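Dropping query_33.cif in here (mmCIF, C-alpha atoms):
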data_run
loop_
_atom_site.label_atom_id
_atom_site.label_comp_id
_atom_site.auth_asym_id
_atom_site.auth_seq_id
_atom_site.Cartn_x
_atom_site.Cartn_y
_atom_site.Cartn_z
CA MET A 12 59.98 2.53 34.32
CA SER A 13 62.93 4.71 35.21
CA ARG A 14 63.44 6.32 31.83
CA ASP A 15 61.07 9.24 31.83
CA VAL A 16 58.20 10.53 33.91
CA SER A 17 56.27 11.41 30.76
CA ILE A 18 56.29 7.89 29.33
CA PRO A 19 53.41 7.48 26.91
CA ARG A 20 50.84 4.77 27.53
CA PRO A 21 50.75 2.06 24.88
CA GLU A 22 48.56 3.02 21.97
CA PHE A 23 47.65 0.15 19.68
CA HIS A 24 46.55 0.07 16.10
CA ARG A 25 45.68 -3.02 14.10
CA ALA A 26 47.76 -4.12 11.10
CA VAL A 27 49.09 -7.32 9.51
CA PRO A 28 52.74 -7.81 10.52
CA GLU A 29 55.28 -9.06 7.99
CA ASN A 30 55.06 -12.84 7.45
CA ASP A 31 51.68 -13.03 9.13
CA ASP A 32 48.21 -13.50 7.67
CA ARG A 33 45.96 -11.63 10.05
CA GLU A 34 45.71 -8.31 11.84
CA ARG A 35 47.46 -8.02 15.18
CA LYS A 36 47.62 -5.28 17.79
CA ILE A 37 50.75 -3.19 17.21
CA CYS A 38 51.93 -0.42 19.54
CA SER A 39 52.16 2.87 17.65
CA HIS A 40 54.93 4.05 19.96
CA CYS A 41 57.32 1.14 19.97
CA GLY A 42 56.21 -1.31 17.29
CA PHE A 43 55.60 -4.12 19.76
CA VAL A 44 53.27 -6.77 18.30
CA ASP A 45 50.86 -7.99 20.95
CA TYR A 46 49.98 -11.48 19.72
CA GLU A 47 46.74 -12.15 21.47
CA ASN A 48 46.17 -15.85 21.89
CA PRO A 49 43.49 -17.58 23.87
CA ARG A 50 44.39 -17.93 27.50
CA ILE A 51 44.15 -21.11 29.52
CA VAL A 52 42.19 -21.15 32.75
CA VAL A 53 42.98 -24.13 34.97
CA GLY A 54 40.76 -25.18 37.84
CA VAL A 55 39.50 -28.04 39.98
CA VAL A 56 36.38 -29.75 41.14
CA ALA A 57 37.94 -30.96 44.39
CA THR A 58 36.08 -33.10 46.89
CA TRP A 59 36.48 -34.35 50.44
CA GLU A 60 34.19 -37.15 51.58
CA GLY A 61 31.69 -36.34 48.84
CA ARG A 62 31.60 -32.60 49.44
CA VAL A 63 32.95 -30.07 46.95
CA LEU A 64 35.24 -27.12 47.60
CA LEU A 65 33.93 -23.69 46.57
CA CYS A 66 35.29 -20.19 47.13
CA ARG A 67 33.30 -16.99 47.59
CA ARG A 68 34.98 -14.33 45.46
CA ALA A 69 36.56 -11.36 47.24
CA ILE A 70 37.26 -9.61 43.93
CA GLU A 71 35.40 -8.48 40.86
CA PRO A 72 33.95 -9.70 38.61
CA ARG A 73 31.18 -11.45 40.49
CA LYS A 74 32.43 -10.50 43.95
CA GLY A 75 30.49 -12.36 46.63
CA HIS A 76 29.53 -15.24 44.34
CA TRP A 77 30.77 -18.80 44.63
CA THR A 78 33.29 -20.28 42.26
CA LEU A 79 35.66 -23.19 41.83
CA PRO A 80 39.36 -22.65 42.53
CA ALA A 81 40.55 -21.60 39.07
CA GLY A 82 42.65 -18.99 37.34
CA TYR A 83 45.04 -18.23 34.52
CA MET A 84 47.75 -20.76 33.88
CA GLU A 85 51.24 -19.28 34.27
CA LEU A 86 54.44 -19.94 32.35
CA GLY A 87 56.67 -22.66 33.74
CA GLU A 88 53.95 -24.97 34.99
CA SER A 89 51.89 -27.83 33.60
CA THR A 90 48.11 -27.59 33.48
CA GLU A 91 47.91 -29.88 36.51
CA GLN A 92 50.45 -27.82 38.45
CA GLY A 93 48.51 -24.68 37.59
CA ALA A 94 45.29 -26.21 38.92
CA GLU A 95 47.07 -27.24 42.14
CA ARG A 96 48.53 -23.73 42.51
CA GLU A 97 45.14 -22.09 42.13
CA ALA A 98 43.63 -24.41 44.75
CA TRP A 99 46.38 -23.36 47.14
CA GLU A 100 46.20 -19.64 46.34
CA GLU A 101 42.43 -19.37 46.60
CA ALA A 102 41.56 -21.95 49.24
CA ARG A 103 44.83 -23.05 50.91
CA ALA A 104 43.84 -26.52 49.71
CA ARG A 105 46.18 -29.42 49.15
CA LEU A 106 44.94 -32.03 46.74
CA ARG A 107 45.70 -34.86 44.38
CA ILE A 108 44.72 -34.28 40.74
CA ASP A 109 42.75 -37.26 39.47
CA ARG A 110 41.94 -36.58 35.81
CA LEU A 111 40.74 -34.03 33.26
CA LEU A 112 37.02 -33.49 33.80
CA ALA A 113 36.28 -30.86 31.17
CA VAL A 114 37.64 -28.61 28.45
CA TYR A 115 35.47 -25.56 27.88
CA SER A 116 36.39 -23.52 24.80
CA LEU A 117 34.93 -20.04 25.24
CA PRO A 118 35.85 -18.16 22.05
CA HIS A 119 33.76 -15.12 22.95
CA ILE A 120 36.07 -14.37 25.87
CA GLY A 121 39.28 -15.88 24.45
CA GLN A 122 39.54 -18.61 27.08
CA VAL A 123 40.01 -22.35 27.18
CA GLN A 124 39.11 -23.65 30.61
CA MET A 125 40.63 -26.96 31.67
CA ILE A 126 38.93 -28.29 34.78
CA TYR A 127 40.40 -31.25 36.67
CA ARG A 128 38.78 -33.69 39.05
CA ALA A 129 40.75 -33.81 42.30
CA GLU A 130 40.67 -35.26 45.79
CA LEU A 131 41.46 -33.00 48.73
CA LEU A 132 44.11 -34.34 51.08
CA GLY A 133 42.17 -32.96 54.06
CA ASP A 134 39.34 -30.61 54.97
CA ASP A 135 41.60 -27.92 56.40
CA VAL A 136 40.94 -25.18 53.86
CA ALA A 137 41.05 -21.41 54.34
CA PRO A 138 40.47 -18.33 52.21
CA GLY A 139 43.39 -16.96 50.24
CA PRO A 140 43.59 -13.26 49.28
CA GLU A 141 41.05 -13.53 46.43
CA SER A 142 38.43 -15.38 48.50
CA GLU A 143 36.09 -14.01 51.17
CA GLU A 144 35.22 -17.49 52.37
CA VAL A 145 35.81 -21.09 51.36
CA ALA A 146 33.62 -24.07 52.21
CA LEU A 147 32.80 -27.67 51.41
CA PHE A 148 29.29 -28.20 50.05
CA ASP A 149 27.14 -31.24 49.72
CA PHE A 150 26.03 -31.62 46.09
CA ASN A 151 22.43 -31.57 47.32
CA ASP A 152 22.98 -28.24 49.00
CA LEU A 153 25.02 -26.13 46.59
CA PRO A 154 24.83 -22.34 46.95
CA GLY A 155 22.55 -20.58 44.49
CA GLU A 156 24.89 -17.67 43.76
CA LEU A 157 27.41 -19.29 41.41
CA ALA A 158 29.84 -16.85 39.83
CA PHE A 159 29.95 -18.15 36.24
CA PRO A 160 28.04 -20.57 33.99
CA SER A 161 31.14 -22.76 33.68
CA VAL A 162 31.07 -23.34 37.46
CA ALA A 163 27.59 -24.82 37.12
CA TRP A 164 28.67 -26.87 34.09
CA ALA A 165 31.68 -28.31 35.90
CA LEU A 166 29.65 -29.21 38.97
CA ALA A 167 27.06 -30.95 36.77
CA HIS A 168 29.72 -32.70 34.70
CA TYR A 169 31.40 -33.90 37.88
CA GLN A 170 28.15 -35.42 39.11
CA GLN A 171 27.57 -37.12 35.74
CA THR A 172 31.02 -38.71 35.70
CA HIS A 173 32.30 -39.06 39.27
CA HIS A 174 31.79 -42.85 39.20
CA LEU A 175 33.71 -43.23 35.90
CA ASN A 176 37.43 -43.74 35.39
CA GLU A 177 37.54 -43.65 31.60
CA PHE A 178 35.69 -40.91 29.83
CA ALA A 179 36.35 -38.12 27.38
CA PRO A 180 36.53 -34.67 28.95
CA MET A 181 33.20 -32.90 28.82
CA GLY A 182 32.73 -29.78 26.69
CA ALA A 183 30.74 -26.59 26.99
CA PRO A 184 27.02 -27.07 26.36
CA GLU A 185 25.93 -26.42 22.78
CA SER A 186 23.79 -23.60 24.11
CA ALA A 187 26.89 -21.71 25.31
CA SER A 188 26.72 -19.25 22.46
CA PRO A 189 28.90 -16.18 21.93
CA LEU A 190 26.10 -14.25 23.59
CA GLY A 191 25.91 -16.60 26.53
CA GLY A 192 28.68 -14.79 28.35
CA LEU A 193 30.54 -16.07 31.33
CA MET B 7 53.38 2.87 12.49
CA SER B 8 52.89 6.29 10.96
CA ARG B 9 54.05 8.36 13.91
CA ASP B 10 57.80 8.55 13.51
CA VAL B 11 60.52 6.96 11.43
CA SER B 12 62.76 6.73 14.51
CA ILE B 13 60.34 4.65 16.57
CA PRO B 14 62.24 2.76 19.25
CA ARG B 15 61.96 -1.01 19.36
CA PRO B 16 60.29 -2.34 22.50
CA GLU B 17 62.73 -2.72 25.33
CA PHE B 18 61.48 -4.80 28.21
CA HIS B 19 62.48 -4.94 31.84
CA ARG B 20 61.01 -7.24 34.45
CA ALA B 21 59.04 -5.88 37.41
CA VAL B 22 55.97 -6.74 39.49
CA PRO B 23 53.01 -4.64 38.30
CA GLU B 24 50.58 -3.17 40.80
CA ASN B 25 48.05 -5.73 42.10
CA ASP B 26 50.13 -8.63 40.78
CA ASP B 27 52.32 -11.13 42.59
CA ARG B 28 55.01 -11.96 40.07
CA GLU B 29 57.42 -10.28 37.71
CA ARG B 30 56.13 -9.48 34.23
CA LYS B 31 57.75 -8.07 31.12
CA ILE B 32 57.13 -4.31 31.02
CA CYS B 33 58.11 -2.08 28.10
CA SER B 34 60.48 0.64 29.28
CA HIS B 35 59.24 2.97 26.57
CA CYS B 36 55.50 2.76 26.93
CA GLY B 37 54.73 0.84 30.12
CA PHE B 38 52.91 -1.95 28.30
CA VAL B 39 52.73 -5.11 30.43
CA ASP B 40 53.31 -8.18 28.30
CA TYR B 41 51.52 -10.88 30.25
CA GLU B 42 53.13 -14.02 28.94
CA ASN B 43 50.82 -16.96 29.32
CA PRO B 44 51.29 -20.45 27.96
CA ARG B 45 50.11 -20.75 24.40
CA ILE B 46 47.82 -23.45 23.09
CA VAL B 47 48.88 -25.52 20.11
CA VAL B 48 46.01 -27.38 18.46
CA GLY B 49 46.56 -30.26 16.06
CA VAL B 50 45.20 -33.49 14.66
CA VAL B 51 46.05 -37.11 14.11
CA ALA B 52 43.82 -37.44 11.06
CA THR B 53 43.38 -40.70 9.21
CA TRP B 54 41.91 -41.97 5.96
CA GLU B 55 41.41 -45.72 5.59
CA GLY B 56 43.95 -46.40 8.33
CA ARG B 57 46.64 -44.08 7.00
CA VAL B 58 47.72 -40.93 8.82
CA LEU B 59 48.18 -37.45 7.40
CA LEU B 60 51.63 -35.89 7.84
CA CYS B 61 53.15 -32.68 6.48
CA ARG B 62 56.78 -32.05 5.56
CA ARG B 63 57.67 -28.64 6.98
CA ALA B 64 58.55 -25.88 4.52
CA ILE B 65 59.61 -23.55 7.34
CA GLU B 66 62.00 -23.49 10.26
CA PRO B 67 62.30 -24.90 12.82
CA ARG B 68 62.83 -28.44 11.57
CA LYS B 69 62.32 -27.60 7.89
CA GLY B 70 62.11 -30.77 5.81
CA HIS B 71 60.91 -32.93 8.71
CA TRP B 72 57.48 -34.48 9.03
CA THR B 73 54.88 -33.18 11.43
CA LEU B 74 51.19 -33.36 12.23
CA PRO B 75 48.94 -30.50 11.11
CA ALA B 76 49.17 -28.25 14.18
CA GLY B 77 49.71 -24.65 15.16
CA TYR B 78 48.84 -21.87 17.57
CA MET B 79 45.21 -21.50 18.47
CA GLU B 80 43.83 -18.09 17.49
CA LEU B 81 41.30 -15.85 19.22
CA GLY B 82 37.67 -16.37 18.21
CA GLU B 83 37.80 -20.11 17.68
CA SER B 84 37.30 -23.23 19.78
CA THR B 85 40.12 -25.74 20.16
CA GLU B 86 38.35 -28.03 17.69
CA GLN B 87 37.89 -25.20 15.17
CA GLY B 88 41.57 -24.32 15.53
CA ALA B 89 42.59 -27.91 14.82
CA GLU B 90 40.34 -27.97 11.74
CA ARG B 91 41.81 -24.66 10.55
CA GLU B 92 45.38 -25.91 10.89
CA ALA B 93 44.54 -29.05 8.92
CA TRP B 94 43.18 -26.87 6.15
CA GLU B 95 46.04 -24.35 6.20
CA GLU B 96 48.82 -26.90 6.21
CA ALA B 97 47.35 -29.79 4.23
CA ARG B 98 44.15 -28.52 2.55
CA ALA B 99 42.47 -31.32 4.48
CA ARG B 100 38.81 -31.46 5.41
CA LEU B 101 38.02 -33.63 8.40
CA ARG B 102 35.65 -34.53 11.19
CA ILE B 103 37.07 -34.10 14.70
CA ASP B 104 36.41 -37.25 16.71
CA ARG B 105 37.76 -36.65 20.22
CA LEU B 106 40.63 -35.30 22.30
CA LEU B 107 43.55 -37.70 21.98
CA ALA B 108 46.19 -35.95 24.09
CA VAL B 109 47.07 -32.92 26.18
CA TYR B 110 50.81 -32.32 26.32
CA SER B 111 51.89 -29.67 28.84
CA LEU B 112 55.35 -28.48 27.84
CA PRO B 113 56.33 -25.92 30.51
CA HIS B 114 59.89 -25.57 29.20
CA ILE B 115 58.55 -23.98 26.02
CA GLY B 116 55.37 -22.41 27.41
CA GLN B 117 53.01 -24.58 25.38
CA VAL B 118 50.01 -26.77 25.97
CA GLN B 119 49.41 -28.97 22.96
CA MET B 120 45.90 -30.31 22.45
CA ILE B 121 45.86 -33.04 19.83
CA TYR B 122 42.56 -34.34 18.45
CA ARG B 123 41.74 -37.61 16.75
CA ALA B 124 40.02 -36.94 13.42
CA GLU B 125 38.74 -38.66 10.30
CA LEU B 126 39.56 -37.18 6.93
CA LEU B 127 36.58 -36.63 4.66
CA GLY B 128 38.65 -37.70 1.65
CA ASP B 129 42.22 -38.33 0.56
CA ASP B 130 42.46 -35.20 -1.58
CA VAL B 131 45.08 -33.33 0.41
CA ALA B 132 47.67 -30.82 -0.81
CA PRO B 133 50.46 -28.74 0.71
CA GLY B 134 49.58 -25.33 2.12
CA PRO B 135 52.15 -22.52 2.29
CA GLU B 136 53.95 -23.95 5.34
CA SER B 137 54.28 -27.48 3.91
CA GLU B 138 56.66 -28.78 1.23
CA GLU B 139 54.68 -31.96 0.84
CA VAL B 140 51.78 -33.75 2.48
CA ALA B 141 51.10 -37.48 2.43
CA LEU B 142 49.15 -40.32 3.99
CA PHE B 143 51.32 -42.91 5.73
CA ASP B 144 50.67 -46.44 6.84
CA PHE B 145 51.48 -46.76 10.57
CA ASN B 146 53.91 -49.54 9.66
CA ASP B 147 55.76 -47.24 7.31
CA LEU B 148 56.06 -43.88 9.07
CA PRO B 149 58.87 -41.55 8.00
CA GLY B 150 61.93 -41.50 10.23
CA GLU B 151 62.43 -37.76 10.15
CA LEU B 152 59.72 -36.57 12.56
CA ALA B 153 59.94 -32.88 13.41
CA PHE B 154 59.23 -32.94 17.16
CA PRO B 155 59.02 -35.49 20.00
CA SER B 156 55.34 -34.69 20.49
CA VAL B 157 54.64 -35.87 16.91
CA ALA B 158 56.01 -39.29 17.85
CA TRP B 159 54.07 -39.29 21.10
CA ALA B 160 50.79 -38.46 19.36
CA LEU B 161 51.29 -41.14 16.71
CA ALA B 162 52.03 -43.72 19.43
CA HIS B 163 49.11 -42.57 21.57
CA TYR B 164 46.81 -42.82 18.56
CA GLN B 165 47.90 -46.39 17.94
CA GLN B 166 47.36 -47.27 21.61
CA THR B 167 43.82 -45.88 21.66
CA HIS B 168 42.40 -45.91 18.15
CA HIS B 169 40.04 -48.80 18.99
CA LEU B 170 38.71 -47.03 22.13
CA ASN B 171 35.81 -44.61 22.41
CA GLU B 172 36.11 -43.69 26.07
CA PHE B 173 39.51 -42.83 27.43
CA ALA B 174 41.25 -40.01 29.22
CA PRO B 175 43.47 -37.87 26.99
CA MET B 176 47.06 -39.04 27.04
CA GLY B 177 49.78 -36.86 28.55
CA ALA B 178 53.44 -36.20 27.79
CA PRO B 179 55.73 -39.07 28.80
CA GLU B 180 57.25 -38.71 32.27
CA SER B 181 60.63 -38.61 30.59
CA ALA B 182 59.72 -35.37 28.79
CA SER B 183 61.85 -33.25 31.11
CA PRO B 184 62.56 -29.53 30.85
CA LEU B 185 65.79 -30.54 29.12
CA GLY B 186 64.02 -32.84 26.70
CA GLY B 187 63.26 -30.02 24.32
CA LEU B 188 60.81 -30.16 21.49
#
What do you get writing this file as structure tokens?
Amino acid sequence: MSRDVSIPRPEFHRAVPENDDRERKICSHCGFVDYENPRIVVGVVATWEGRVLLCRRAIEPRKGHWTLPAGYMELGESTEQGAEREAWEEARARLRIDRLLAVYSLPHIGQVQMIYRAELLGDDVAPGPESEEVALFDFNDLPGELAFPSVAWALAHYQQTHHLNEFAPMGAPESASPLGGL
Amino acid sequence: MSRDVSIPRPEFHRAVPENDDRERKICSHCGFVDYENPRIVVGVVATWEGRVLLCRRAIEPRKGHWTLPAGYMELGESTEQGAEREAWEEARARLRIDRLLAVYSLPHIGQVQMIYRAELLGDDVAPGPESEEVALFDFNDLPGELAFPSVAWALAHYQQTHHLNEFAPMGAPESASPLGGL
């Protein structure tokens, strides 16, 4: 931003752009239309000899709680590549994606989470910048402090399906209402 | 945009925002960071008595060519609800979503297409504003002028799996390279 030290911050109002049929966020300064679409979160339930990889969050929200390697998909990658990237960034984990375990539509937070089943290529994992700690857990000894409901869903869905090769991806529980939060 | 008749158009440069690790589009006027994430396209292969619903596009790109009811997922809906909405908007079709047929990651155009298998609730369909014509086709008599490669993929993947209840969603063919286009 070299133009001016007194650059205004964006200031959005809502209006229906030309050739559209619903209100969008439009910047009152520059006219930019911020089309807000749901964002894709890609992640993995990755195992090594029956134990599952979890990361203790070093950042908010839910700092200090355990989560699966997962994050926003970026441009220029497939969903599988995004899941592999997140596993590397958060846990320095190398893995082989197996198949799509779950698709969780979460309209109340504008997310679609796509969680893959994966096999780690080794147990040499280490915390990346967004993790305080990473570890492999036995499914009988999972930590209590899970960061988000979808982490618990994915761990349960993995256990329900880990012996199957052909199955439809699992969805969010019916009880995951708009008030259920993440 | 009531502020000024001489409002500048957005003018973006690329830079790495604070606490980020990659270049983003930043508006030189107002500092707005346009996080560009892949967008989700939701659609359906919807059938009635073995025939499949297709729409002839009334808009560019590929005006006049046949496509599946599909479009960008909006905020506030699930992937299934988005697919149902598109079927209504483009073909005035009511349907029951059955299951996830395919997930096509298309990094070269920043899209993830999620195509559902669905059963029409009746054959009373009609063109919406973005369709010139809608029709039910026998799979042995599909139109030649399909709008996009992924339409052909989804029709083929439907035919390969329509008798199955449990299967992993199909993916884009390996040959769908960054140069393959849509």
Show me, as an MDAnalysis selection string, the residues of chain B whose atoms get within 8 Å of chain A, using all atoms listed in the file for the distance check. chainID B and resid 7:9 13:16 33:38 40 42:46 78:85 105:106 111:114 116 118 172:175
Starting from the displayed file, determine the output of the PyMOL selection byres ((chain B and resi 50) around 8) and express the residue list as a PyMOL selection string. chain B and resi 48-49+51-52+74-76+89-90+93+121-124
Writer output for current selection, C-alpha atoms, as a CSV table (one decimal), keeping the file's coordinate frame:
chain,number,residue,atom,x,y,z
B,48,VAL,CA,46.0,-27.4,18.5
B,49,GLY,CA,46.6,-30.3,16.1
B,51,VAL,CA,46.0,-37.1,14.1
B,52,ALA,CA,43.8,-37.4,11.1
B,74,LEU,CA,51.2,-33.4,12.2
B,75,PRO,CA,48.9,-30.5,11.1
B,76,ALA,CA,49.2,-28.2,14.2
B,89,ALA,CA,42.6,-27.9,14.8
B,90,GLU,CA,40.3,-28.0,11.7
B,93,ALA,CA,44.5,-29.0,8.9
B,121,ILE,CA,45.9,-33.0,19.8
B,122,TYR,CA,42.6,-34.3,18.4
B,123,ARG,CA,41.7,-37.6,16.8
B,124,ALA,CA,40.0,-36.9,13.4
When you count all atoms listed in the file, which of these residues is closest to Ala113 in chain A: A:Met181, A:Asn30, A:Leu157, A:Asp149? A:Met181
Enter the distance from CA of Pro149 in chain B to CA of Trp72 in chain B, in Å, rounded to one decimal.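 So the two atoms, CA of Pro149 in chain B and CA of Trp72 in chain B, lie 7.3 Å apart.
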Chain B least-squares fitted onto chain A over all paired Cα atoms, as a compact mmCIF listing (two decimals) with C-alpha atoms, keeping the file's coordinate frame:
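The file below, result_14.txt, is the result:
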# COMPACT_ATOMS: atom_id res chain seq x y z
CA MET B 7 60.08 2.57 34.21
CA SER B 8 63.00 4.81 35.07
CA ARG B 9 63.42 6.44 31.68
CA ASP B 10 61.00 9.34 31.72
CA VAL B 11 58.15 10.63 33.84
CA SER B 12 56.17 11.47 30.68
CA ILE B 13 56.18 7.94 29.29
CA PRO B 14 53.29 7.51 26.88
CA ARG B 15 50.77 4.76 27.55
CA PRO B 16 50.71 2.06 24.88
CA GLU B 17 48.50 2.99 21.99
CA PHE B 18 47.63 0.14 19.69
CA HIS B 19 46.53 0.04 16.09
CA ARG B 20 45.68 -3.07 14.12
CA ALA B 21 47.77 -4.15 11.13
CA VAL B 22 49.10 -7.34 9.53
CA PRO B 23 52.76 -7.82 10.52
CA GLU B 24 55.28 -9.07 8.00
CA ASN B 25 55.09 -12.85 7.45
CA ASP B 26 51.68 -13.04 9.13
CA ASP B 27 48.22 -13.50 7.68
CA ARG B 28 45.98 -11.63 10.07
CA GLU B 29 45.71 -8.32 11.84
CA ARG B 30 47.48 -8.02 15.19
CA LYS B 31 47.63 -5.30 17.81
CA ILE B 32 50.76 -3.21 17.22
CA CYS B 33 51.93 -0.44 19.55
CA SER B 34 52.13 2.85 17.66
CA HIS B 35 54.89 4.05 19.95
CA CYS B 36 57.30 1.16 19.95
CA GLY B 37 56.19 -1.30 17.28
CA PHE B 38 55.60 -4.11 19.77
CA VAL B 39 53.28 -6.78 18.33
CA ASP B 40 50.86 -8.00 20.96
CA TYR B 41 50.00 -11.47 19.74
CA GLU B 42 46.75 -12.16 21.51
CA ASN B 43 46.21 -15.86 21.91
CA PRO B 44 43.50 -17.59 23.89
CA ARG B 45 44.41 -17.93 27.53
CA ILE B 46 44.17 -21.12 29.54
CA VAL B 47 42.21 -21.16 32.77
CA VAL B 48 43.01 -24.13 34.99
CA GLY B 49 40.77 -25.19 37.85
CA VAL B 50 39.51 -28.05 39.98
CA VAL B 51 36.38 -29.76 41.16
CA ALA B 52 37.95 -30.97 44.39
CA THR B 53 36.07 -33.10 46.88
CA TRP B 54 36.46 -34.36 50.43
CA GLU B 55 34.15 -37.16 51.57
CA GLY B 56 31.67 -36.34 48.82
CA ARG B 57 31.58 -32.59 49.43
CA VAL B 58 32.94 -30.07 46.94
CA LEU B 59 35.23 -27.13 47.60
CA LEU B 60 33.92 -23.70 46.57
CA CYS B 61 35.28 -20.20 47.13
CA ARG B 62 33.30 -16.99 47.60
CA ARG B 63 35.00 -14.36 45.46
CA ALA B 64 36.58 -11.39 47.25
CA ILE B 65 37.28 -9.63 43.94
CA GLU B 66 35.42 -8.46 40.88
CA PRO B 67 33.98 -9.69 38.63
CA ARG B 68 31.18 -11.43 40.51
CA LYS B 69 32.45 -10.51 43.98
CA GLY B 70 30.50 -12.37 46.65
CA HIS B 71 29.54 -15.25 44.35
CA TRP B 72 30.78 -18.80 44.63
CA THR B 73 33.31 -20.27 42.25
CA LEU B 74 35.67 -23.19 41.82
CA PRO B 75 39.37 -22.67 42.54
CA ALA B 76 40.56 -21.61 39.07
CA GLY B 77 42.68 -19.00 37.36
CA TYR B 78 45.07 -18.24 34.53
CA MET B 79 47.77 -20.77 33.88
CA GLU B 80 51.25 -19.28 34.28
CA LEU B 81 54.46 -19.94 32.36
CA GLY B 82 56.69 -22.69 33.76
CA GLU B 83 53.97 -24.99 35.01
CA SER B 84 51.90 -27.85 33.61
CA THR B 85 48.12 -27.59 33.50
CA GLU B 86 47.91 -29.90 36.52
CA GLN B 87 50.47 -27.84 38.46
CA GLY B 88 48.52 -24.69 37.62
CA ALA B 89 45.30 -26.22 38.94
CA GLU B 90 47.08 -27.26 42.15
CA ARG B 91 48.54 -23.76 42.53
CA GLU B 92 45.14 -22.10 42.14
CA ALA B 93 43.64 -24.42 44.76
CA TRP B 94 46.38 -23.39 47.15
CA GLU B 95 46.20 -19.66 46.36
CA GLU B 96 42.45 -19.38 46.62
CA ALA B 97 41.56 -21.97 49.25
CA ARG B 98 44.83 -23.09 50.91
CA ALA B 99 43.83 -26.54 49.72
CA ARG B 100 46.18 -29.44 49.15
CA LEU B 101 44.92 -32.05 46.72
CA ARG B 102 45.68 -34.90 44.38
CA ILE B 103 44.70 -34.29 40.74
CA ASP B 104 42.73 -37.27 39.46
CA ARG B 105 41.93 -36.59 35.80
CA LEU B 106 40.73 -34.04 33.26
CA LEU B 107 37.02 -33.50 33.80
CA ALA B 108 36.26 -30.85 31.17
CA VAL B 109 37.65 -28.60 28.45
CA TYR B 110 35.47 -25.55 27.88
CA SER B 111 36.41 -23.50 24.81
CA LEU B 112 34.95 -20.03 25.26
CA PRO B 113 35.88 -18.14 22.06
CA HIS B 114 33.77 -15.10 22.97
CA ILE B 115 36.11 -14.37 25.87
CA GLY B 116 39.32 -15.87 24.47
CA GLN B 117 39.57 -18.61 27.08
CA VAL B 118 40.03 -22.34 27.19
CA GLN B 119 39.13 -23.65 30.62
CA MET B 120 40.64 -26.96 31.68
CA ILE B 121 38.94 -28.30 34.78
CA TYR B 122 40.41 -31.26 36.67
CA ARG B 123 38.78 -33.70 39.04
CA ALA B 124 40.74 -33.83 42.31
CA GLU B 125 40.66 -35.28 45.80
CA LEU B 126 41.44 -33.03 48.73
CA LEU B 127 44.09 -34.35 51.09
CA GLY B 128 42.14 -32.99 54.07
CA ASP B 129 39.31 -30.64 54.95
CA ASP B 130 41.57 -27.95 56.41
CA VAL B 131 40.92 -25.22 53.87
CA ALA B 132 41.03 -21.44 54.35
CA PRO B 133 40.46 -18.35 52.22
CA GLY B 134 43.39 -16.98 50.24
CA PRO B 135 43.61 -13.29 49.30
CA GLU B 136 41.08 -13.56 46.45
CA SER B 137 38.44 -15.40 48.52
CA GLU B 138 36.09 -14.04 51.19
CA GLU B 139 35.22 -17.51 52.37
CA VAL B 140 35.81 -21.11 51.37
CA ALA B 141 33.61 -24.08 52.21
CA LEU B 142 32.79 -27.68 51.41
CA PHE B 143 29.29 -28.21 50.04
CA ASP B 144 27.12 -31.25 49.71
CA PHE B 145 26.01 -31.63 46.06
CA ASN B 146 22.41 -31.57 47.30
CA ASP B 147 22.98 -28.24 48.98
CA LEU B 148 25.03 -26.12 46.57
CA PRO B 149 24.84 -22.34 46.92
CA GLY B 150 22.57 -20.55 44.47
CA GLU B 151 24.91 -17.68 43.77
CA LEU B 152 27.43 -19.30 41.41
CA ALA B 153 29.85 -16.84 39.83
CA PHE B 154 29.98 -18.13 36.24
CA PRO B 155 28.05 -20.54 33.99
CA SER B 156 31.14 -22.74 33.66
CA VAL B 157 31.08 -23.33 37.45
CA ALA B 158 27.60 -24.82 37.09
CA TRP B 159 28.67 -26.85 34.08
CA ALA B 160 31.68 -28.30 35.90
CA LEU B 161 29.64 -29.21 38.97
CA ALA B 162 27.05 -30.95 36.76
CA HIS B 163 29.71 -32.69 34.69
CA TYR B 164 31.38 -33.91 37.88
CA GLN B 165 28.13 -35.40 39.10
CA GLN B 166 27.56 -37.10 35.73
CA THR B 167 31.00 -38.71 35.71
CA HIS B 168 32.26 -39.06 39.26
CA HIS B 169 31.75 -42.85 39.21
CA LEU B 170 33.68 -43.24 35.91
CA ASN B 171 37.39 -43.75 35.40
CA GLU B 172 37.53 -43.64 31.62
CA PHE B 173 35.68 -40.90 29.83
CA ALA B 174 36.34 -38.12 27.38
CA PRO B 175 36.53 -34.66 28.95
CA MET B 176 33.20 -32.88 28.83
CA GLY B 177 32.75 -29.77 26.69
CA ALA B 178 30.75 -26.56 26.99
CA PRO B 179 27.02 -27.03 26.38
CA GLU B 180 25.93 -26.39 22.79
CA SER B 181 23.80 -23.57 24.13
CA ALA B 182 26.91 -21.70 25.32
CA SER B 183 26.75 -19.21 22.46
CA PRO B 184 28.95 -16.16 21.91
CA LEU B 185 26.14 -14.18 23.53
CA GLY B 186 25.92 -16.51 26.50
CA GLY B 187 28.67 -14.70 28.33
CA LEU B 188 30.51 -15.99 31.33
Mind giving me the straight-line distance from CA of Tyr169 in chain A to CA of Glu125 in chain B in Å, one decimal? 28.9 Å
Would you kindly identify which residues have an atom no farther than 6 Å from (43.3, -17.3, 48.0), using all atoms listed in the file and the file's own coordinates, and write them out as a list in words?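 Checking each residue against the 6 Å limit leaves Glu100, Glu101, Ala102, Pro138, Gly139, Pro140, Glu141 and Ser142 of chain A.
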Computed interatomic separation between CA of Ala153 in chain B and CA of Arg35 in chain A (Å):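 Those two atoms sit 27.9 Å apart.
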Residue with smallest distance to Glu139 in chain B - pool B:Arg98, B:Lys31, B:Arg62, B:Arg57, counting all atoms listed in the file: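 Going through B:Arg98, B:Lys31, B:Arg62, B:Arg57 one by one, the smallest distance to Glu139 in chain B is for B:Arg62.
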